[in-house]
$ cat run_17.pdb   # PDB, C-alpha atoms and all ligand atoms
ATOM      1  CA  MET A  23      24.433  76.913  65.721
ATOM      2  CA  LYS A  24      27.474  75.337  67.320
ATOM      3  CA  LEU A  25      28.304  74.278  70.863
ATOM      4  CA  LYS A  26      30.513  77.382  71.242
ATOM      5  CA  ASP A  27      27.433  79.595  70.649
ATOM      6  CA  LEU A  28      25.407  78.042  73.398
ATOM      7  CA  LYS A  29      26.412  80.285  76.315
ATOM      8  CA  LYS A  30      25.389  83.457  74.482
ATOM      9  CA  VAL A  31      22.295  81.861  72.981
ATOM     10  CA  ARG A  32      21.262  80.756  76.480
ATOM     11  CA  GLU A  33      21.595  84.323  77.779
ATOM     12  CA  LEU A  34      19.485  85.670  74.929
ATOM     13  CA  GLU A  35      16.836  82.957  75.165
ATOM     14  CA  ILE A  36      16.456  83.514  78.923
ATOM     15  CA  GLU A  37      16.180  87.281  78.347
ATOM     16  CA  LEU A  38      13.381  86.648  75.842
ATOM     17  CA  ILE A  39      11.596  84.139  78.091
ATOM     18  CA  LYS A  40      11.664  86.758  80.859
ATOM     19  CA  GLU A  41      10.325  89.333  78.382
ATOM     20  CA  TYR A  42       7.485  86.982  77.473
ATOM     21  CA  PHE A  43       6.589  86.261  81.097
ATOM     22  CA  SER A  44       7.117  89.824  82.332
ATOM     23  CA  SER A  45       3.408  90.681  82.474
ATOM     24  CA  THR A  46       2.455  87.546  84.401
ATOM     25  CA  LEU A  47       5.519  86.940  86.562
ATOM     26  CA  GLU A  48       5.713  90.575  87.675
ATOM     27  CA  ASN A  49       9.487  90.366  87.928
ATOM     28  CA  LYS A  50       9.367  87.524  90.446
ATOM     29  CA  TRP A  51      11.726  85.537  88.237
ATOM     30  CA  GLU A  52      14.373  85.101  90.950
ATOM     31  CA  GLU A  53      11.806  83.578  93.295
ATOM     32  CA  PHE A  54      11.137  80.619  91.019
ATOM     33  CA  PRO A  55      13.079  77.429  91.753
ATOM     34  CA  GLU A  56      16.475  77.374  90.093
ATOM     35  CA  GLU A  57      15.818  73.905  88.682
ATOM     36  CA  TRP A  58      12.633  75.149  86.958
ATOM     37  CA  ARG A  59      14.462  78.124  85.467
ATOM     38  CA  ASP A  60      17.393  75.978  84.351
ATOM     39  CA  ASN A  61      15.077  73.658  82.427
ATOM     40  CA  LEU A  62      13.325  76.381  80.442
ATOM     41  CA  GLY A  63      14.056  76.840  76.765
ATOM     42  CA  ALA A  64      15.620  74.780  74.019
ATOM     43  CA  SER A  65      19.068  76.045  75.074
ATOM     44  CA  SER A  66      18.751  74.406  78.502
ATOM     45  CA  ARG A  67      21.268  71.744  79.483
ATOM     46  CA  ASN A  68      18.850  68.839  79.056
ATOM     47  CA  HIS A  69      17.391  69.929  75.739
ATOM     48  CA  PHE A  70      19.902  71.564  73.442
ATOM     49  CA  GLN A  71      21.701  68.503  72.035
ATOM     50  CA  PRO A  72      19.105  67.315  69.464
ATOM     51  CA  TYR A  73      18.764  70.910  68.272
ATOM     52  CA  LEU A  74      22.512  71.205  67.756
ATOM     53  CA  ASP A  75      22.699  67.830  66.022
ATOM     54  CA  SER A  76      19.783  68.545  63.681
ATOM     55  CA  GLY A  77      21.598  70.987  61.402
ATOM     56  CA  LEU A  78      18.370  73.007  61.486
ATOM     57  CA  SER A  79      19.255  75.467  64.265
ATOM     58  CA  PHE A  80      20.993  78.732  63.428
ATOM     59  CA  VAL A  81      22.356  81.895  64.998
ATOM     60  CA  ALA A  82      22.593  85.445  63.717
ATOM     61  CA  GLU A  83      26.134  86.423  64.580
ATOM     62  CA  GLU A  84      28.373  89.400  63.925
ATOM     63  CA  ASP A  85      31.840  90.063  65.365
ATOM     64  CA  GLY A  86      31.422  87.255  67.867
ATOM     65  CA  GLU A  87      28.143  88.617  69.216
ATOM     66  CA  ILE A  88      24.885  86.710  68.862
ATOM     67  CA  TYR A  89      21.785  88.696  67.996
ATOM     68  CA  GLY A  90      19.313  85.977  67.169
ATOM     69  CA  PHE A  91      18.728  82.242  67.230
ATOM     70  CA  ILE A  92      16.367  79.567  66.001
ATOM     71  CA  PHE A  93      16.024  76.062  67.429
ATOM     72  CA  ALA A  94      14.584  73.363  65.186
ATOM     73  CA  GLN A  95      14.819  69.639  64.705
ATOM     74  CA  MET A  96      13.376  67.031  62.371
ATOM     75  CA  LEU A  97      10.497  64.843  63.551
ATOM     76  CA  HIS A  98       9.493  61.697  61.705
ATOM     77  CA  HIS A  99       6.202  59.996  60.895
ATOM     78  CA  ILE A 100       3.919  62.682  62.228
ATOM     79  CA  ALA A 101       0.449  62.220  60.739
ATOM     80  CA  ASP A 102       1.070  61.605  57.033
ATOM     81  CA  CYS A 103       4.498  63.208  57.048
ATOM     82  CA  SER A 104       7.775  61.279  56.978
ATOM     83  CA  ASN A 105       9.907  64.340  57.786
ATOM     84  CA  LEU A 106       8.606  67.402  59.564
ATOM     85  CA  VAL A 107      10.643  70.389  60.732
ATOM     86  CA  TRP A 108       9.684  71.221  64.300
ATOM     87  CA  ILE A 109      10.518  74.809  65.190
ATOM     88  CA  GLU A 110      10.794  75.026  68.935
ATOM     89  CA  ASN A 111      11.791  78.629  69.558
ATOM     90  CA  MET A 112      13.372  81.624  67.923
ATOM     91  CA  GLY A 113      14.233  85.111  69.009
ATOM     92  CA  VAL A 114      16.011  88.309  68.120
ATOM     93  CA  ASP A 115      17.739  90.806  70.394
ATOM     94  CA  PRO A 116      15.115  93.476  71.236
ATOM     95  CA  MET A 117      17.528  96.252  70.135
ATOM     96  CA  LEU A 118      17.846  94.803  66.643
ATOM     97  CA  ARG A 119      14.326  93.792  65.743
ATOM     98  CA  ARG A 120      12.735  94.674  62.395
ATOM     99  CA  ASN A 121      16.022  94.197  60.559
ATOM    100  CA  GLU A 122      15.031  90.972  58.833
ATOM    101  CA  ILE A 123      17.057  88.863  61.256
ATOM    102  CA  GLY A 124      14.055  86.761  62.282
ATOM    103  CA  TYR A 125      12.997  86.366  58.676
ATOM    104  CA  ARG A 126      16.437  85.190  57.579
ATOM    105  CA  LEU A 127      16.780  82.765  60.496
ATOM    106  CA  LEU A 128      13.403  81.202  59.762
ATOM    107  CA  ARG A 129      14.104  81.044  56.032
ATOM    108  CA  GLU A 130      17.446  79.324  56.680
ATOM    109  CA  THR A 131      15.806  76.661  58.838
ATOM    110  CA  LEU A 132      13.155  76.020  56.180
ATOM    111  CA  ARG A 133      15.752  75.824  53.418
ATOM    112  CA  ALA A 134      17.895  73.408  55.443
ATOM    113  CA  GLY A 135      14.814  71.371  56.353
ATOM    114  CA  ARG A 136      13.755  71.092  52.750
ATOM    115  CA  ALA A 137      17.297  70.056  51.772
ATOM    116  CA  GLN A 138      17.070  67.304  54.394
ATOM    117  CA  GLY A 139      13.825  66.039  52.892
ATOM    118  CA  ALA A 140      11.195  67.716  55.053
ATOM    119  CA  GLU A 141       7.721  68.028  53.589
ATOM    120  CA  VAL A 142       6.249  70.343  56.202
ATOM    121  CA  ALA A 143       7.319  72.654  59.033
ATOM    122  CA  HIS A 144       5.435  73.273  62.257
ATOM    123  CA  SER A 145       6.066  76.240  64.509
ATOM    124  CA  MET A 146       4.579  76.883  67.940
ATOM    125  CA  ILE A 147       3.227  80.446  68.239
ATOM    126  CA  GLN A 148       1.292  82.037  71.065
ATOM    127  CA  PRO A 149      -1.964  83.493  69.701
ATOM    128  CA  ASP A 150      -1.173  86.958  71.108
ATOM    129  CA  ASN A 151       2.310  87.102  69.545
ATOM    130  CA  ALA A 152       1.555  89.445  66.647
ATOM    131  CA  PRO A 153       5.199  89.930  65.505
ATOM    132  CA  SER A 154       5.714  86.184  65.306
ATOM    133  CA  ILE A 155       2.379  85.607  63.520
ATOM    134  CA  MET A 156       3.210  88.323  60.995
ATOM    135  CA  LEU A 157       6.694  86.914  60.450
ATOM    136  CA  HIS A 158       5.366  83.407  59.794
ATOM    137  CA  LYS A 159       2.688  84.734  57.454
ATOM    138  CA  LYS A 160       5.239  86.755  55.543
ATOM    139  CA  ILE A 161       7.285  83.654  54.880
ATOM    140  CA  GLY A 162       4.202  81.715  53.782
ATOM    141  CA  PHE A 163       2.996  79.749  56.808
ATOM    142  CA  PHE A 164      -0.681  78.874  56.927
ATOM    143  CA  ILE A 165      -2.223  79.787  60.302
ATOM    144  CA  ASP A 166      -5.727  78.744  61.322
ATOM    145  CA  ASN A 167      -7.503  78.482  64.681
ATOM    146  CA  ARG A 168      -5.990  75.158  65.669
ATOM    147  CA  LYS A 169      -5.081  74.818  69.328
ATOM    148  CA  VAL A 170      -2.474  72.584  70.904
ATOM    149  CA  ALA A 171      -3.742  70.568  73.894
ATOM    150  CA  LEU A 172      -1.126  69.692  76.520
ATOM    151  CA  ILE A 173      -1.202  67.330  79.466
ATOM    152  CA  ASP A 174       1.488  66.899  82.122
ATOM    153  CA  LEU A 175       1.960  63.124  82.303
ATOM    154  CA  LYS A 176       4.283  63.503  85.292
ATOM    155  CA  ASP A 177       1.619  65.268  87.360
ATOM    156  CA  PRO A 178       1.135  63.047  90.458
ATOM    157  CA  LYS A 179      -2.480  64.243  90.711
ATOM    158  CA  LEU A 180      -3.303  62.964  87.234
ATOM    159  CA  THR A 181      -5.522  59.881  87.208
ATOM    160  CA  LEU A 182      -5.614  58.033  83.940
TER     161      LEU A 182
HETATM  162  C1  LIG A 201       9.210  87.467  66.380
HETATM  163  C2  LIG A 201      10.654  87.970  66.187
HETATM  164  C3  LIG A 201      11.591  86.753  66.217
HETATM  165  C4  LIG A 201      10.766  88.707  64.843
HETATM  166  O1  LIG A 201      12.132  89.008  64.599
HETATM  167  P1  LIG A 201      12.584  90.282  63.735
HETATM  168  O2  LIG A 201      14.003  90.103  63.389
HETATM  169  O3  LIG A 201      12.234  91.527  64.442
HETATM  170  O4  LIG A 201      11.639  90.141  62.462
HETATM  171  P2  LIG A 201      11.964  90.655  60.991
HETATM  172  O5  LIG A 201      12.620  91.988  61.024
HETATM  173  O6  LIG A 201      12.684  89.583  60.256
HETATM  174  O7  LIG A 201      10.508  90.830  60.415
HETATM  175  C5  LIG A 201      10.005  90.048  59.342
HETATM  176  C6  LIG A 201       8.520  90.297  59.224
HETATM  177  O8  LIG A 201       7.856  89.873  60.424
HETATM  178  C7  LIG A 201       6.770  90.768  60.719
HETATM  179  N1  LIG A 201       7.036  91.486  61.975
HETATM  180  C8  LIG A 201       8.150  91.400  62.733
HETATM  181  N2  LIG A 201       8.004  92.161  63.842
HETATM  182  C9  LIG A 201       6.785  92.724  63.757
HETATM  183  C10 LIG A 201       6.072  93.610  64.614
HETATM  184  N3  LIG A 201       6.590  94.069  65.758
HETATM  185  N4  LIG A 201       4.825  93.974  64.241
HETATM  186  C11 LIG A 201       4.282  93.531  63.091
HETATM  187  N5  LIG A 201       4.927  92.697  62.222
HETATM  188  C12 LIG A 201       6.158  92.297  62.579
HETATM  189  C13 LIG A 201       6.706  91.737  59.545
HETATM  190  O9  LIG A 201       5.866  91.163  58.573
HETATM  191  C14 LIG A 201       8.140  91.755  59.082
HETATM  192  O10 LIG A 201       8.277  92.117  57.745
HETATM  193  P3  LIG A 201       8.405  93.687  57.351
HETATM  194  O11 LIG A 201       9.500  94.251  58.223
HETATM  195  O12 LIG A 201       8.744  93.636  55.904
HETATM  196  O13 LIG A 201       7.062  94.281  57.672
HETATM  197  C15 LIG A 201      11.050  88.986  67.315
HETATM  198  O14 LIG A 201      10.029  89.952  67.426
HETATM  199  C16 LIG A 201      11.283  88.356  68.682
HETATM  200  O15 LIG A 201      12.382  87.896  68.986
HETATM  201  N6  LIG A 201      10.238  88.343  69.553
HETATM  202  C17 LIG A 201      10.366  87.813  70.905
HETATM  203  C18 LIG A 201      10.529  86.317  70.920
HETATM  204  C19 LIG A 201       9.425  85.627  70.150
HETATM  205  O16 LIG A 201       8.262  86.014  70.210
HETATM  206  N7  LIG A 201       9.793  84.575  69.434
HETATM  207  C20 LIG A 201       8.884  83.832  68.587
HETATM  208  C21 LIG A 201       8.429  82.603  69.256
HETATM  209  S1  LIG A 201       7.416  81.667  68.118
END

$ encode --input "run_17.pdb" --output "structure tokens"
Amino acid sequence: MKLKDLKKVRELEIELIKEYFSSTLENKWEEFPEEWRDNLGASSRNHFQPYLDSGLSFVAEEDGEIYGFIFAQMLHHIADCSNLVWIENMGVDPMLRRNEIGYRLLRETLRAGRAQGAEVAHSMIQPDNAPSIMLHKKIGFFIDNRKVALIDLKDPKLTL
């Protein structure tokens, strides 16, 4: 993935975020604050740079069109791991799914990560995302019942 790809990747990532939220947001997307929408996704202005610099993010491109993307970066000293590939998000154009694009994007990130010295890769998957679970299993990921716990440290109501 290069800087020149970012505009098209952004369009695709936003389309896929909308697809993901479509059942809960009930098409009220436009009513959400612009700043909130602008900050969503790894392709957003404030977040893309480390993913471009990592050499671990890729696009599926043909004739100047972008049909898929994967955002990943290397994290260091996580648990007992010196180098860990963190996969933030990936997606494939809905019209072109089940053509091995997702598989090849994920494989490329893992190959590049291994070449950079990674020992492990982590990928965030929603438990109801069957296509993504199946894709990760196909490539060899181990998936158990672990949950990720999040806390918003900027929440003014939070008392610590
Ligand atoms: C998940 C996603 C990236 C898969 O991309 P894709 O290009 O369609 O996947 P592939 O064609 O490479 O499929 C590879 C394997 O994944 C699994 N898979 C993919 N889509 C599947 C589906 N709808 N149902 C069941 N298994 C599926 C299969 O095991 C498949 O291998 P097979 O075709 O030999 O059975 C795509 O569905 C997508 O963009 N979803 C919306 C965004 C998203 O959920 N991103 C993941 C965030 S973690």

$ atom_distance --input "run_17.pdb" --atom1 "atom C11 of ligand LIG 201 (chain A)" --atom2 "CA of Ala82 in chain A"
20.0 Å

$ residues_around --input "run_17.pdb" --residues "Ala137 in chain A" --least-positions-apart "4" --cutoff "12 Å" --atoms "only C-alpha atoms" --output "list of chain:residue names"
A:Gly77, A:Leu78, A:Met96, A:Asn105, A:Leu106, A:Val107, A:Glu130, A:Thr131, A:Leu132, A:Arg133, A:Glu141, A:Val142

$ residues_near_ligand --input "run_17.pdb" --ligand "ligand LIG 201 (chain A)" --cutoff "7 Å" --atoms "all atoms listed in the file" --output "number ranges by chain"
A: 38, 111-116, 118-126, 145-148, 151-154, 156-158, 160

$ atom_distance --input "run_17.pdb" --atom1 "CA of Arg59 in chain A" --atom2 "CA of Ile36 in chain A"
8.7 Å

$ resolve_selection --input "run_17.pdb" --expression "the PyMOL selection byres (((chain A and resi 67-71) around 12) and not hetatm)" --output "JSON, numbers by chain"
{"A": [23, 24, 25, 27, 28, 29, 31, 32, 35, 57, 58, 59, 60, 61, 62, 63, 64, 65, 66, 72, 73, 74, 75, 76, 77, 78, 79, 92, 93, 94, 95, 110, 111]}

$ atom_distance --input "run_17.pdb" --atom1 "CA of Phe91 in chain A" --atom2 "CA of Ala140 in chain A"
20.4 Å

$ closest_residue --input "run_17.pdb" --among "A:Glu56, A:Phe43, A:Asp177, A:Ser104" --to "Gln138 in chain A" --atoms "all atoms listed in the file"
A:Ser104

$ resolve_selection --input "run_17.pdb" --expression "the PyMOL selection byres (((chain A and resi 86) around 12) and not hetatm)" --output "MDAnalysis selection string"
chainID A and resid 26:27 30:31 81:85 87:89

$ closest_residue --input "run_17.pdb" --among "A:Leu182, A:Pro55, A:Phe80, A:Leu172" --to "Ala134 in chain A" --atoms "only C-alpha atoms"
A:Phe80

$ axis_aligned_box --input "run_17.pdb" --around "range 137-144 of chain A" --padding-each-side "8 Å" --output "lines of an AutoDock Vina configuration file"
center_x = 11.4
center_y = 69.7
center_z = 57.0
size_x = 27.9
size_y = 23.2
size_z = 26.5

$ closest_residue --input "run_17.pdb" --among "A:Ile161, A:Val170, A:Leu175, A:Leu128" --to "Pro149 in chain A" --atoms "all atoms listed in the file"
A:Val170
